[in-house]
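Report on the structure given below.
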Amino acid sequence: MNTSTHKPLSKPSTGRLGGTLFGLPFAAVGVGMLTWCSLSTWESVQIADWPAVDAIVIDGGYRTNSGEDSDTYKAWGSYRYTYQGREYVSTRVAINGGSDNIGSFQRDLGGRLARAAATGEPVIAWVNPQDPTDAVIDRSMRWGLQVFKLAFGLIFGAVGFGVIWGSWRTAPLIEAAQELRGKRTGTEWLANPDWQGEPIRSNARSAARAAWVFAGLWNLVSFPVGFLVFNAYTDEGNTAALIGLLFPIVGVGLAAWALRTSREWWRFGPAPVELDPFPGSIGGHVAGRILLSTMVDPSQQFEVTLSLIRSKRGSESRRETARWQRTQRVRAMGGKTIEFRFDVPEGLAESDTELSGTYDIWRLHVLGDMAGPDFDRDYVIPVYATQTESKDIDARGLEAAAEEQHRFDDDALAKLVRSERAGMYADLVFPAGQHLQLWFAALVFGAVFAGAGAFLFHAEDAPLFMAIVFSAIGGLIAFYGIYGAGRSLRVSRSGATVTARRYWLGIPLGSRSVNLTRILHFRAQKTMSSQSGGRHAVYYALHLVDEEGEARVGEGLKGLNEVEALARRLTRELQLPELGLEHKSQDLAQRLNA
């Protein structure tokens with residue numbers, strides 16, 4: 001293998017400079033808002049100990065500032081008070097100055113000051129004993145404003161620092177990829193400094209650090225808020241303030257999350273993956289071993305999932321879609337080494353080193369569900385069309401794992417399809433109500449869209465075109481959810497004919513048949529994919545193809561493992577000839593098992 005290394009540029013890149021300049025204002029706003037929130041909280045703690053005096057309001061009220069989108073309000077006033085024998089005049093009426101429209105605080109306080117000025121009745125003012133010229137009339141903590149500042153600061157700070165970190169992290173990769181663009185060097189993966197042939201590490205350590213940083217920032221602001229809430233409840237009987245306890249409770253949850261990610265790191269260590277071959281091979285093998293730093297039970301199962309992910313930037317966010325995926329279950333050899341090997345078909349996309357716009361990545365996810373912290377790691381690995389096979393990961397060592405995986409897949413399939421004896425051959429039935437959570441999500445999403453369209457129909461000056469579009473799209477998605485939840489499929493054989501009959505809530509909708517005398521192969525078709533966090537699931541339908549057409553003989557199959565399990569079961573229960581399996585998705589067509 002070519003052992004040359006990619007040398008990073010010696011001077012800051014344009015990408016780094018541009019990313020820094022773009023992210024710096026966001027980061028500054030985030031830091032400023034969090035600082036403002038912290039200072040307000042700290043000042044509220046201090047004001048709680050200030051002495052109270054009677055004050056006479058000279059004048060007061062609130063001002064309305066009209067903007068393009070909304071109005072904001074600001075309470076104002078001046079008052080005089082006596083402290084330790086001296087008279088003072090102040091214009092500070094609340095902890096936070098400025099105008100806003102968060103709740104009715106400004107208008108309520110302004111109205112109270114105006115009434116006090118008109119009647120001459122005294123109000124309570126709180127005086128700073130260290131500086132008697134500093135006083136305030138309303139010392140209450142404004143929970144809505146604090147939440148706004150906290151959320152605003154965390155979001156802007158995360159965006160700003162994320163852009164800066166990302167630009168410094170990915171700029172060398174983009175530049176190196178640009179140098180290699182348009183020419184095949186045979187070592188394209190060297191454009192990524194993490195892919196230099198050394199063991200590839202997961203993001204577990206950086207994820208643990210990020211979890212602690214986020215939890216620390218949240219708790220830095222929220223725990224003082226908790227003390228103020230407790231004081232407001234015990235001293236003033238303000239039960240509404242107890243809602244503020246949600247912030248420290250969330251902070252405890254975030255700290256627990258950070259501790260859990262750290263415990264996983266402390267238990268298993270770096271756990272790098274060594275690929276064999278390096279890089280992973282399209283048209284060959286993606287194989288290797290993961291080295292654990294601690295001994296585990298040799299009988300412990302690990303689920304290893306290899307996915308081809310397409311990442312695409314949308315109008316407002318980045319979206320990932322799984323294009324190909326395989327799973328296998330293995331055990332730790334000697335209690336410390338996890339070995340895996342995937343046969344990867346030709347025609348799949350290679351790893352991209354330029355991580356901008358639309359790009360493809362190969363992700364290896366390894367999960368071990370065990371007592372204590374689970375082993376849960378993600379690795380982004382290089383996979384290229386080198387048609388290379390593994391030298392050291394022998395298939396014979398994985399045969400037992402493959403048989404165990406088949407049993408697991410058969411058990412998973414048994415939850416989707418049942419057999420009903422109907423003569424010489426069994427009927428395979430896919431009943432209604434499968435994957436209800438997916439169809440329910442589609443129904444809710446479509447109902448929200450349709451509801452928005454209905455609202456636009458009745459809203460004044462709303463574009464009719466948008467109302468029609470929202471209603472139509474929402475209605476179609478909701479209908480698809482209802483249809484998917486109620487559909488069922490029955491596959492049967494009569495003589496040399498295999499027939500698939502479609503039903504909806506028991507109502508027959510139609511059928512398709514194929515002739516076994518002209519049968520060709522099975523075909524797997526990707527139907528949809530779902531994502532939960534960084535985890536992806538790909539769903540397939542299985543078709544039986546003859547020379548004149550095809551019939552869908554299975555659906556709702558999660559991953560190619562269940563597709564292959566169904567092909568084995570159909571072959572066994574319908575006594576079909578041994579057939580190959582072809583895979584075809586939106587942009588791929590290749591043979592997987594001939």
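To be explicit about the labels: the chains of the structure tokens are called A, B, and onward in the order shown, and within each one the residues are counted from 1, while ligands get numbers from 1 in the order they are shown.
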Practice problem: Within 6 Å of region 537-553 of chain A, counting only C-alpha atoms, which residues show up once you throw out same-chain ones fewer than 5 positions away? Write them as a list in words, please. | Solution: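 Surrounding residues, per the criterion: Ala500, Arg512, Ser513, Val514, Arg518, Ile519, Leu520, His521, Phe522, Arg523, Ala524, Gln525, Lys526, Thr527, Met528, Ser529, Ser530, Lys558 and Gly559 of chain A.
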Practice problem: From the DSSP assignment of the backbone, select every residue of region 257-502 of chain A that is strand (DSSP E or B), and format the answer as a PyMOL selection string. | Solution: chain A and resi 273-275+280-281+285-291+301-313+318-333+337-343+359-368+375-381+383-384+418-421+426-430+487-494+497-502
Quiz prompt | Test item: residues at most 6 Å from region 30-45 of chain A, only C-alpha atoms, excluding those fewer than 4 positions along its chain, as number ranges by chain | solution = A: 149, 153, 156-157, 221
Self-check item: Counting only C-alpha atoms, the option among A:Asp49, A:Asp297, A:Glu403, A:Glu389 closest to Met333 (chain A)
Solution: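 Closest to Met333 (chain A) of all the choices is A:Asp297.
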Practice problem: Choose the residue, out of A:Pro277, A:Pro129, A:Gly334, A:Pro298, that has the smallest atom-to-atom separation from Ile393 (chain A); count only C-alpha atoms. | Solution: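 Counting only C-alpha atoms, the residue closest to Ile393 (chain A) is A:Pro277.
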Quiz item: Leaving out Val380 (chain A) and any residue of its chain fewer than 5 positions from it, which residues lie within 8 Å of it when counting only C-alpha atoms, given as a list in words?
Solution: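 Everything that qualifies: Ser202, Ile361, Trp362, Arg363 and Leu364 of chain A.
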Do a neighbour search on region 419-433 of chain A at 12 Å with only C-alpha atoms, toss out local chain neighbours closer than 6 positions, and write the hits as a compact mmCIF listing (two decimals) with N, CA, C and O atoms, in the first residue's frame.
```txt
# COMPACT_ATOMS: atom_id res chain seq x y z
N LEU A 413 -37.97 -11.59 11.31
CA LEU A 413 -38.94 -11.73 10.22
C LEU A 413 -40.24 -12.36 10.72
O LEU A 413 -41.33 -12.01 10.23
N TRP A 439 -46.04 5.03 10.33
CA TRP A 439 -47.26 5.51 9.68
C TRP A 439 -47.96 6.57 10.51
O TRP A 439 -48.53 7.53 9.97
N PHE A 440 -47.90 6.42 11.84
CA PHE A 440 -48.50 7.44 12.70
C PHE A 440 -47.75 8.76 12.55
O PHE A 440 -48.37 9.84 12.52
N GLY A 481 -50.13 7.75 5.26
CA GLY A 481 -50.01 7.17 6.59
C GLY A 481 -51.17 6.25 6.92
O GLY A 481 -50.98 5.15 7.47
N ILE A 482 -52.39 6.67 6.57
CA ILE A 482 -53.58 5.84 6.83
C ILE A 482 -53.53 4.57 5.99
O ILE A 482 -53.80 3.46 6.47
N TYR A 483 -53.15 4.72 4.72
CA TYR A 483 -53.07 3.56 3.83
C TYR A 483 -52.01 2.57 4.31
O TYR A 483 -52.25 1.35 4.37
N GLY A 484 -50.83 3.10 4.68
CA GLY A 484 -49.75 2.21 5.10
C GLY A 484 -50.10 1.44 6.35
O GLY A 484 -49.73 0.26 6.50
N ALA A 485 -50.81 2.07 7.29
CA ALA A 485 -51.17 1.39 8.53
C ALA A 485 -52.19 0.28 8.30
O ALA A 485 -52.21 -0.72 9.04
N GLY A 486 -53.04 0.42 7.30
CA GLY A 486 -54.11 -0.55 7.09
C GLY A 486 -53.86 -1.56 5.99
O GLY A 486 -54.65 -2.49 5.81
N ARG A 487 -52.73 -1.48 5.29
CA ARG A 487 -52.51 -2.40 4.17
C ARG A 487 -51.98 -3.74 4.66
O ARG A 487 -51.34 -3.85 5.71
N SER A 488 -52.25 -4.77 3.90
CA SER A 488 -51.75 -6.12 4.18
C SER A 488 -51.45 -6.80 2.85
O SER A 488 -51.86 -6.33 1.78
N LEU A 489 -50.71 -7.91 2.94
CA LEU A 489 -50.27 -8.60 1.72
C LEU A 489 -50.31 -10.10 1.98
O LEU A 489 -49.88 -10.56 3.05
N ARG A 490 -50.86 -10.86 1.03
CA ARG A 490 -50.89 -12.33 1.12
C ARG A 490 -50.22 -12.91 -0.12
O ARG A 490 -50.57 -12.55 -1.27
N VAL A 491 -49.22 -13.79 0.11
CA VAL A 491 -48.47 -14.41 -0.98
C VAL A 491 -48.77 -15.91 -0.96
O VAL A 491 -48.61 -16.57 0.07
N SER A 492 -49.23 -16.43 -2.09
CA SER A 492 -49.61 -17.83 -2.16
C SER A 492 -49.10 -18.45 -3.46
O SER A 492 -48.78 -17.74 -4.43
N ARG A 493 -49.05 -19.79 -3.48
CA ARG A 493 -48.66 -20.52 -4.70
C ARG A 493 -49.73 -21.52 -5.07
O ARG A 493 -50.26 -22.24 -4.20
N SER A 494 -50.04 -21.55 -6.36
CA SER A 494 -50.97 -22.53 -6.91
C SER A 494 -50.34 -23.09 -8.18
O SER A 494 -50.22 -22.36 -9.18
N GLY A 495 -49.91 -24.33 -8.15
CA GLY A 495 -49.22 -24.90 -9.30
C GLY A 495 -47.91 -24.19 -9.54
O GLY A 495 -47.06 -24.07 -8.66
N ALA A 496 -47.74 -23.68 -10.75
CA ALA A 496 -46.51 -22.97 -11.12
C ALA A 496 -46.68 -21.47 -11.03
O ALA A 496 -45.85 -20.72 -11.55
N THR A 497 -47.73 -21.00 -10.34
CA THR A 497 -48.02 -19.57 -10.26
C THR A 497 -47.91 -19.10 -8.82
O THR A 497 -48.50 -19.70 -7.91
N VAL A 498 -47.19 -18.01 -8.62
CA VAL A 498 -47.10 -17.35 -7.32
C VAL A 498 -47.86 -16.04 -7.43
O VAL A 498 -47.60 -15.24 -8.33
N THR A 499 -48.82 -15.82 -6.53
CA THR A 499 -49.68 -14.64 -6.59
C THR A 499 -49.56 -13.84 -5.29
O THR A 499 -49.59 -14.42 -4.20
N ALA A 500 -49.42 -12.53 -5.43
CA ALA A 500 -49.40 -11.61 -4.29
C ALA A 500 -50.67 -10.78 -4.35
O ALA A 500 -50.92 -10.08 -5.34
N ARG A 501 -51.51 -10.86 -3.30
CA ARG A 501 -52.77 -10.13 -3.25
C ARG A 501 -52.69 -9.01 -2.22
O ARG A 501 -52.29 -9.24 -1.07
N ARG A 502 -53.09 -7.83 -2.62
CA ARG A 502 -53.05 -6.66 -1.76
C ARG A 502 -54.42 -6.41 -1.16
O ARG A 502 -55.45 -6.49 -1.85
N TYR A 503 -54.44 -6.06 0.18
CA TYR A 503 -55.68 -5.74 0.90
C TYR A 503 -55.45 -4.45 1.69
O TYR A 503 -54.33 -4.11 2.06
N TRP A 504 -56.58 -3.79 1.97
CA TRP A 504 -56.56 -2.66 2.90
C TRP A 504 -57.74 -2.83 3.85
O TRP A 504 -58.91 -2.83 3.42
N LEU A 505 -57.41 -3.06 5.12
CA LEU A 505 -58.42 -3.36 6.15
C LEU A 505 -59.33 -4.50 5.70
O LEU A 505 -60.55 -4.50 5.90
N GLY A 506 -58.70 -5.51 5.07
CA GLY A 506 -59.43 -6.69 4.62
C GLY A 506 -60.11 -6.54 3.28
O GLY A 506 -60.66 -7.51 2.75
N ILE A 507 -60.10 -5.35 2.69
CA ILE A 507 -60.74 -5.11 1.39
C ILE A 507 -59.74 -5.41 0.28
O ILE A 507 -58.65 -4.82 0.25
N ALA A 541 -38.68 -3.52 0.06
CA ALA A 541 -39.70 -4.46 -0.40
C ALA A 541 -39.00 -5.52 -1.24
O ALA A 541 -37.96 -5.26 -1.85
N ARG A 552 -44.78 -8.07 -5.91
CA ARG A 552 -44.21 -7.78 -4.60
C ARG A 552 -44.61 -8.88 -3.63
O ARG A 552 -45.79 -9.07 -3.36
N VAL A 553 -43.62 -9.54 -3.08
CA VAL A 553 -43.89 -10.68 -2.20
C VAL A 553 -43.43 -10.40 -0.76
O VAL A 553 -43.45 -11.31 0.08
N GLY A 554 -43.06 -9.17 -0.45
CA GLY A 554 -42.66 -8.82 0.91
C GLY A 554 -42.45 -7.33 1.01
O GLY A 554 -42.06 -6.68 0.04
N GLU A 555 -42.71 -6.77 2.20
CA GLU A 555 -42.54 -5.33 2.40
C GLU A 555 -42.32 -5.04 3.87
O GLU A 555 -42.52 -5.90 4.74
N GLY A 556 -41.86 -3.82 4.15
CA GLY A 556 -41.59 -3.43 5.53
C GLY A 556 -40.37 -4.13 6.10
O GLY A 556 -40.26 -4.28 7.32
N LEU A 557 -39.45 -4.56 5.24
CA LEU A 557 -38.28 -5.32 5.68
C LEU A 557 -37.17 -4.36 6.06
O LEU A 557 -36.74 -3.54 5.26
N LEU A 566 -36.28 -13.30 4.26
CA LEU A 566 -37.55 -13.56 3.59
C LEU A 566 -37.34 -14.39 2.32
O LEU A 566 -38.15 -15.29 2.02
N ALA A 567 -36.29 -14.10 1.57
CA ALA A 567 -36.01 -14.89 0.37
C ALA A 567 -35.80 -16.36 0.73
O ALA A 567 -36.29 -17.27 0.04
N ARG A 569 -37.04 -17.88 3.36
CA ARG A 569 -38.31 -18.46 3.82
C ARG A 569 -39.26 -18.72 2.66
O ARG A 569 -39.94 -19.76 2.63
N LEU A 570 -39.33 -17.79 1.72
CA LEU A 570 -40.18 -18.02 0.54
C LEU A 570 -39.72 -19.25 -0.24
O LEU A 570 -40.53 -20.05 -0.70
N THR A 571 -38.42 -19.36 -0.41
CA THR A 571 -37.87 -20.51 -1.13
C THR A 571 -38.24 -21.81 -0.43
O THR A 571 -38.60 -22.81 -1.08
N ARG A 572 -38.20 -21.80 0.90
CA ARG A 572 -38.48 -23.01 1.66
C ARG A 572 -39.97 -23.34 1.70
O ARG A 572 -40.37 -24.48 1.42
N GLU A 573 -40.83 -22.35 2.00
CA GLU A 573 -42.24 -22.64 2.22
C GLU A 573 -43.04 -22.72 0.93
O GLU A 573 -44.07 -23.40 0.88
N LEU A 574 -42.61 -22.01 -0.12
CA LEU A 574 -43.31 -22.11 -1.41
C LEU A 574 -42.59 -23.05 -2.36
O LEU A 574 -43.01 -23.19 -3.51
N GLN A 575 -41.52 -23.68 -1.87
CA GLN A 575 -40.74 -24.65 -2.67
C GLN A 575 -40.33 -24.05 -4.01
O GLN A 575 -40.58 -24.61 -5.08
N LEU A 576 -39.68 -22.88 -3.91
CA LEU A 576 -39.20 -22.21 -5.11
C LEU A 576 -37.82 -22.72 -5.47
O LEU A 576 -37.09 -23.25 -4.63
```
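Between Ala450 (chain A) and the candidates A:Asp100, A:Lys312, A:Leu438, A:Ile468, the tightest atom-to-atom separation, counting only C-alpha atoms, involves A:Ile468.
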Quiz item: What lies within 8 Å of Ala332 (chain A) using only C-alpha atoms, ignoring chain neighbours under 6 positions off, as number ranges by chain?
Solution: A: 296-302, 338-339
Quiz item: Which distance in Å separates CA of Thr337 (chain A) and CA of Glu274 (chain A), to one decimal?
Solution: 10.6 Å
